[in-house]
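What follows is one structure encoded as structure tokens, with my remarks underneath.
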Amino acid sequence: MKREAPIVLAGIVGLIQILEHFFDFEAIAAVTVELQNWVIIVSAFSLALAAINLAINHTQKISAKKAGAFDSALLLITMVFTAVAGIFWGMESSGFKFVFNAIIDPAASAFYAMAAFHVASAAYRAFRAHNAHAAALLITGVMLMIAKAPIGEAWFPWMPTITNWIMSVLNLAGVRGIMISSAIGMICVSARILLGIDRSHLGLGRD
Amino acid sequence: MELIRKLGEVDPRWLYVLLVLVVLIPMVSPIGLPINVSAYTSNAFALLDSLKPGDTVVFDFGYYVDGAPDVEPIAVALFDHLFSKGVRIVCVSYKNHGPMIVDKLTEPHVKAGKEYGVDFVNLGFLAGGETALAAWAADIKKAYPTDWKGNNTSTMPILQGINTVADFDMFVFYTDDSAEVWVRQISQYKVPIIGGLITVTAPQAEPFLQSKQLAGLLVGLRGAAEYEKLMNKPGTASAGMDAQSMAHLMLIAFILFGNASYFIKRSKGLAGKGAAK
Amino acid sequence: MLIEGRVAGLVFTLITIGTMLYGINKAKSKLPNVRRIAGLEAIDEAVGRATEMGKAVFCTPGWADITTSTAGATFAALDIVGHIARLTARYDTRLVVAVSYPNVYPLAEQTVQQAYLVEGKREKYDQDMVRFTSSEQYAYAAAVLGMIQREKVAACVFVGQFASEAVDFAEAAVAVGSIAIAGTTSTYQLPFFAAACDYTLIGEELLTAGAYISKDTARLGSVHGQDLAKLIAFGVMLLGAILCTLNINVVVDLLSK
């Protein structure tokens with residue numbers, strides 16, 4: 001029973017969600033809203049569990065004076081400050097806005113910009129025409145980089161016509177193929193879980 | 001020959017330094033390269049330009065601040081354009097950073113005389129992701145009994161006569177994620193949907209444009225720069241295009257150096273056929 | 001009452017589930033052949049390499065919750081995490097798993113714990129193995145980069161749903177000289193992984209990982225059913241393309257119902 005209960009529950013809840021997506025029944029919609037509220041509550045408990053794990057890991061690091069203990073202390077302080085500012089002072093408060101505008105916003109933007117550097121080094125390292133496939137990737141990549149920049153368009157005005165064709169025919173065909181096969185795969189994975197055929201996420205069903 | 005071989009083996013950290021310089025210099029001293037407007041942008045512009053004063057549009061903010069550099073210039077341009085036409089804007093947030101982003105973007109317009117609750121409103125973030133989107137699309141006032149600031153939405157002038165997404169004249173979303181969510185939940189309401197996307201997600205959204213589930217697409221910093229050009233009001237996006245051009249050129253040069261170096265080494269028997277990574 | 005615009009979706013969902021059940025049933029009498037997936041084969045090799053070098057194995061089931069439409073990818077990623085945990089338990093190799101979303105954390109913890117239990121190494125399981133980071137994209141990304149750098153891992157496995165942090169992860173793995181294996185269904189991150197990682201699981205390769213690794217009859221059968229559904233989809237597309245070329249929009253009209 002301990003093993004079957006989560007599977008049966010997941011199956012019923014999943015079925016209700018699927019029915020709500022396809023059918024317009026008020027009763028099912030009402031149950032779905034209720035279940036979705038439960039998801040938020042369960043998520044809050046998961047968050048608490050995860051936050052405890054985070055706190056334990058970093059407290060252990062600080063008490064063992066491991067490398068990076070200072071960073072761990074900083075993490076715990078900011079975590080507590082943000083939680084207190086959001087819960088007690090509210091998200092419109094200057095304390096919470098300070099965290100958002102002075103820390104989260106610039107730090108996140110800087111991190112996003114870092115991807116540009118990593119794209120540059122990855123392209124520099126990996127874009128080698130060592131066989132026909134790699135050469136095709138290299139040539140189309142360079143053509144697109146030229147066409148997407150105003151300077152490339154100014155130098156080679158005909159380039160966007162070719163790259164637009166590459167994007168809307170060749171690329172789109174590939175994207176559609178992956179999207180459709182992934183969607184079918186997702187349906188099968190989800191159906192296996194909801195029908196209890198796949199139970200590995202519960203630590204079950206393995207030898 | 002030796003120089004080219006060495007240019008193909010540069011430490012990536014030098015590449016990073018060079019990239020900073022190449023991006024920074026045109027930002028400080030713009031070159032002013034001409035920008036051609038793509039069909040995507042001109043179509044989306046035409047749709048948005050067809051809105052009349054008093055029309056009401058949804059702006060759904062579905063990005064985190066980290067994605068802002070690539071998608072936010074689109075939102076900035078659209079706020080300028082639609083407010084200048086007297087269109088009213090209802091802002092909602094698919095992601096939790098949204099309400100703060102809306103506050104930041106509407107601040108200059110408030111100073112310019114736009115009235116909160118009449119010309120625009122910031123309804124805030126609704127937890128629950130796609131489910132929440134479906135819920136407010138079906139009944140906006142039930143899902144949002146109050147706005148982000150705690151005001152009652154049922155008496156708000158901008159929301160009079162609006163109950164579902166179908167009551168809006170257009171739906172615009174900005175996202176650093178996939179466009180599928182909006183296609184799934186909003187397209188059934190038959191309201192024209194325009195997506196503001198970051199550059200890398202655009203190819204995935206293109207099938208929805210072809211199937212007419214999306215009415216228009218504005219893609220990344222480039223899309224914003226093109227929109228600014230159509231508005232005849234160059235802004236931050238246009239300034240960023242010179243930097244992008246230079247960065248692309250630098251990268252192409254280094255990719256070519258890398259390949260030249262690889263072939264020199266291969267001719268000398270120093271690189272294997274598959275020694276790409 | 002069926003919602004307008006979703007009828008075709010319902011029909012195709014039912015067809016897919018039907019082919020899946022058919023595949024599972026058929027597999028009871030004859031196991032289907034699954035082609036070799038290099039990325040999954042490489043996992044064993046990567047863990048072996050880390051063991052020989054006395055270094056840790058790092059893996060993450062991506063940046064996505066299980067309450068979204070990408071849940072399938074996250075569950076498939078957890079399957080791979082479980083497989084890696086069994087290998088690290090077997091070879092006494094250090095394992096670090098970084099989790100982004102709170103809802104995924106208990107599942108990842110349970111998966112790893114169970115793997116150690118199955119391998120008879122319960123005492124080797126350490127709470128520090130599965131680490132919650134943050135559901136904020138770049139807080140998660142910063143934590144992952146930090147772990148890869150600090151632990152100087154010898155093998156990195158990035159599986160599940162990813163956004164722009166994908167290229168950062170791949171480059172971080174290269175920077176520490178680690179073997180990098182990635183897998184995602186996100187089409188806009190696949191090019192980055194394909195360019196920067198040693199092995200990449202593309203789209204549904206990730207979703208079939210559970211079946212491929214476990215060699216479980218039902219799951220392998222489901223992969224066969226999945227292929228049948230793909231064939232049907234292909235047939236509909238082909239028919240639609242031909243009819244559209246002839247200016248007959250019957251398939252398009254049916255699909256938009």
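Convention: chains lettered A, B, ... in structure tokens order; per-chain residue numbering from 1; ligands numbered from 1 as shown.
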Q.
Residues of chain A within 6 Å of chain C, counting only C-alpha atoms, what are they? List them as a list in words.
A.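 Here is what falls inside 6 Å: Phe22, Phe23, Asp24, Ser43, Ser46, Leu47, Ala50, Leu54, Ala108, Ala115, His118, Ala122, Ala126, Ile178, Ser182, Gly185, Met186, Val189, Ser190 and Gly203 of chain A.
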Q.
Could you tell me which residues of chain A sit within 7 Å of chain B when counting only C-alpha atoms, and give me the result as a list in words?
A. Asp105, Ala108, Ser109, Tyr112, Phe117, Ala120, Ser121, Ala123, Tyr124, Arg125, Ala126, Phe127, Arg128, Ala129, His130, Val142, Met145, Ala149, Pro150, Ile151, Leu172 and Val175 of chain A
Would you tabulate, counting only C-alpha atoms, all residues of chain B that have an atom at most 7 Å from an atom of chain C, showing the closest pair of atoms and their distance in Å to one decimal, sorted by chain then ascending number, as a Markdown table?
| residue | atom | partner | partner_atom | distance |
| --- | --- | --- | --- | --- |
| B:Gln188 | CA | C:Gly5 | CA | 6.5 |
| B:Val200 | CA | C:Tyr188 | CA | 5.8 |
| B:Thr201 | CA | C:Tyr188 | CA | 5.6 |
| B:Gln204 | CA | C:Tyr188 | CA | 6.9 |
Q: Select from region 71-106 of chain C everything DSSP, run on the backbone, classes as alpha helix (DSSP H), then give the selection as a PyMOL selection string.
A: chain C and resi 71-91+104-106
Q.
According to DSSP computed on the backbone, where in region 72-134 of chain B is there strand (DSSP E or B)? Give the residues as an NGL selection string.
A. :B and (88-93 or 116 or 120-125)
Pull all heavy atoms from the residues just selected and write them as a short mmCIF file (atom, residue, chain, number, x, y, z; two decimals), in the first residue's frame.
data_model
loop_
_atom_site.label_atom_id
_atom_site.label_comp_id
_atom_site.auth_asym_id
_atom_site.auth_seq_id
_atom_site.Cartn_x
_atom_site.Cartn_y
_atom_site.Cartn_z
N ARG B 88 -3.97 51.91 -24.13
CA ARG B 88 -3.88 51.60 -22.70
C ARG B 88 -3.20 50.23 -22.53
O ARG B 88 -3.43 49.32 -23.33
CB ARG B 88 -5.27 51.62 -22.07
CG ARG B 88 -5.94 53.00 -22.26
CD ARG B 88 -7.28 53.06 -21.61
NE ARG B 88 -8.20 52.07 -22.13
CZ ARG B 88 -9.41 51.86 -21.61
NH1 ARG B 88 -9.80 52.55 -20.55
NH2 ARG B 88 -10.22 50.97 -22.12
N ILE B 89 -2.41 50.11 -21.48
CA ILE B 89 -1.62 48.88 -21.32
C ILE B 89 -1.86 48.23 -19.96
O ILE B 89 -1.69 48.87 -18.92
CB ILE B 89 -0.11 49.17 -21.51
CG1 ILE B 89 0.14 49.76 -22.91
CG2 ILE B 89 0.72 47.90 -21.31
CD1 ILE B 89 1.53 50.32 -23.12
N VAL B 90 -2.25 46.96 -19.99
CA VAL B 90 -2.44 46.18 -18.76
C VAL B 90 -1.23 45.25 -18.62
O VAL B 90 -1.00 44.39 -19.48
CB VAL B 90 -3.75 45.37 -18.82
CG1 VAL B 90 -3.87 44.43 -17.62
CG2 VAL B 90 -4.95 46.31 -18.88
N CYS B 91 -0.44 45.47 -17.57
CA CYS B 91 0.79 44.68 -17.40
C CYS B 91 0.55 43.53 -16.42
O CYS B 91 0.06 43.74 -15.31
CB CYS B 91 1.92 45.55 -16.89
SG CYS B 91 2.28 46.93 -17.96
N VAL B 92 0.89 42.34 -16.84
CA VAL B 92 0.84 41.16 -15.96
C VAL B 92 2.23 40.52 -16.00
O VAL B 92 3.06 40.86 -16.84
CB VAL B 92 -0.22 40.14 -16.42
CG1 VAL B 92 -1.62 40.67 -16.28
CG2 VAL B 92 0.04 39.71 -17.85
N SER B 93 2.47 39.60 -15.08
CA SER B 93 3.81 39.00 -15.02
C SER B 93 3.72 37.50 -14.93
O SER B 93 3.16 36.96 -13.98
CB SER B 93 4.57 39.55 -13.82
OG SER B 93 4.71 40.93 -13.97
N TYR B 116 -1.79 56.09 -13.58
CA TYR B 116 -1.91 54.69 -13.16
C TYR B 116 -3.39 54.34 -12.98
O TYR B 116 -4.16 55.11 -12.40
CB TYR B 116 -1.16 54.48 -11.83
CG TYR B 116 -1.12 53.02 -11.41
CD1 TYR B 116 -0.13 52.17 -11.88
CD2 TYR B 116 -2.10 52.49 -10.57
CE1 TYR B 116 -0.11 50.83 -11.54
CE2 TYR B 116 -2.09 51.15 -10.21
CZ TYR B 116 -1.09 50.32 -10.71
OH TYR B 116 -1.09 49.00 -10.37
N PHE B 120 -2.48 52.79 -17.64
CA PHE B 120 -1.82 51.49 -17.48
C PHE B 120 -2.04 50.97 -16.07
O PHE B 120 -2.48 51.72 -15.18
CB PHE B 120 -0.30 51.60 -17.77
CG PHE B 120 0.48 52.27 -16.67
CD1 PHE B 120 1.19 51.51 -15.75
CD2 PHE B 120 0.53 53.65 -16.55
CE1 PHE B 120 1.92 52.10 -14.73
CE2 PHE B 120 1.25 54.26 -15.54
CZ PHE B 120 1.95 53.49 -14.62
N VAL B 121 -1.78 49.69 -15.90
CA VAL B 121 -1.86 49.10 -14.56
C VAL B 121 -0.83 47.97 -14.46
O VAL B 121 -0.51 47.32 -15.46
CB VAL B 121 -3.30 48.58 -14.27
CG1 VAL B 121 -3.69 47.44 -15.20
CG2 VAL B 121 -3.44 48.12 -12.83
N ASN B 122 -0.31 47.80 -13.26
CA ASN B 122 0.65 46.72 -13.00
C ASN B 122 -0.05 45.69 -12.10
O ASN B 122 -0.17 45.87 -10.90
CB ASN B 122 1.89 47.31 -12.30
CG ASN B 122 2.96 46.26 -12.03
OD1 ASN B 122 2.83 45.10 -12.41
ND2 ASN B 122 4.03 46.69 -11.38
N LEU B 123 -0.61 44.64 -12.73
CA LEU B 123 -1.38 43.68 -11.95
C LEU B 123 -0.51 42.77 -11.10
O LEU B 123 -0.97 42.18 -10.12
CB LEU B 123 -2.26 42.83 -12.88
CG LEU B 123 -3.42 43.56 -13.54
CD1 LEU B 123 -4.23 42.62 -14.42
CD2 LEU B 123 -4.35 44.21 -12.52
N GLY B 124 0.73 42.63 -11.49
CA GLY B 124 1.66 41.85 -10.66
C GLY B 124 1.84 40.42 -11.10
O GLY B 124 1.40 40.02 -12.18
N PHE B 125 2.47 39.65 -10.22
CA PHE B 125 2.84 38.26 -10.53
C PHE B 125 1.83 37.32 -9.88
O PHE B 125 1.42 37.51 -8.75
CB PHE B 125 4.24 37.99 -9.96
CG PHE B 125 4.61 36.54 -9.91
CD1 PHE B 125 4.82 35.81 -11.08
CD2 PHE B 125 4.76 35.88 -8.69
CE1 PHE B 125 5.16 34.47 -11.03
CE2 PHE B 125 5.11 34.54 -8.64
CZ PHE B 125 5.31 33.83 -9.81
#
Q.
Need the shell around Ile7 (chain A): protein/DNA/RNA residues with any atom at most 8 Å away, counting only C-alpha atoms. Skip same-chain ones fewer than 4 positions apart. Format as a list in words?
A. Arg3, Gly11, Ile193, Leu194, Leu195, Gly196 and Arg199 of chain A
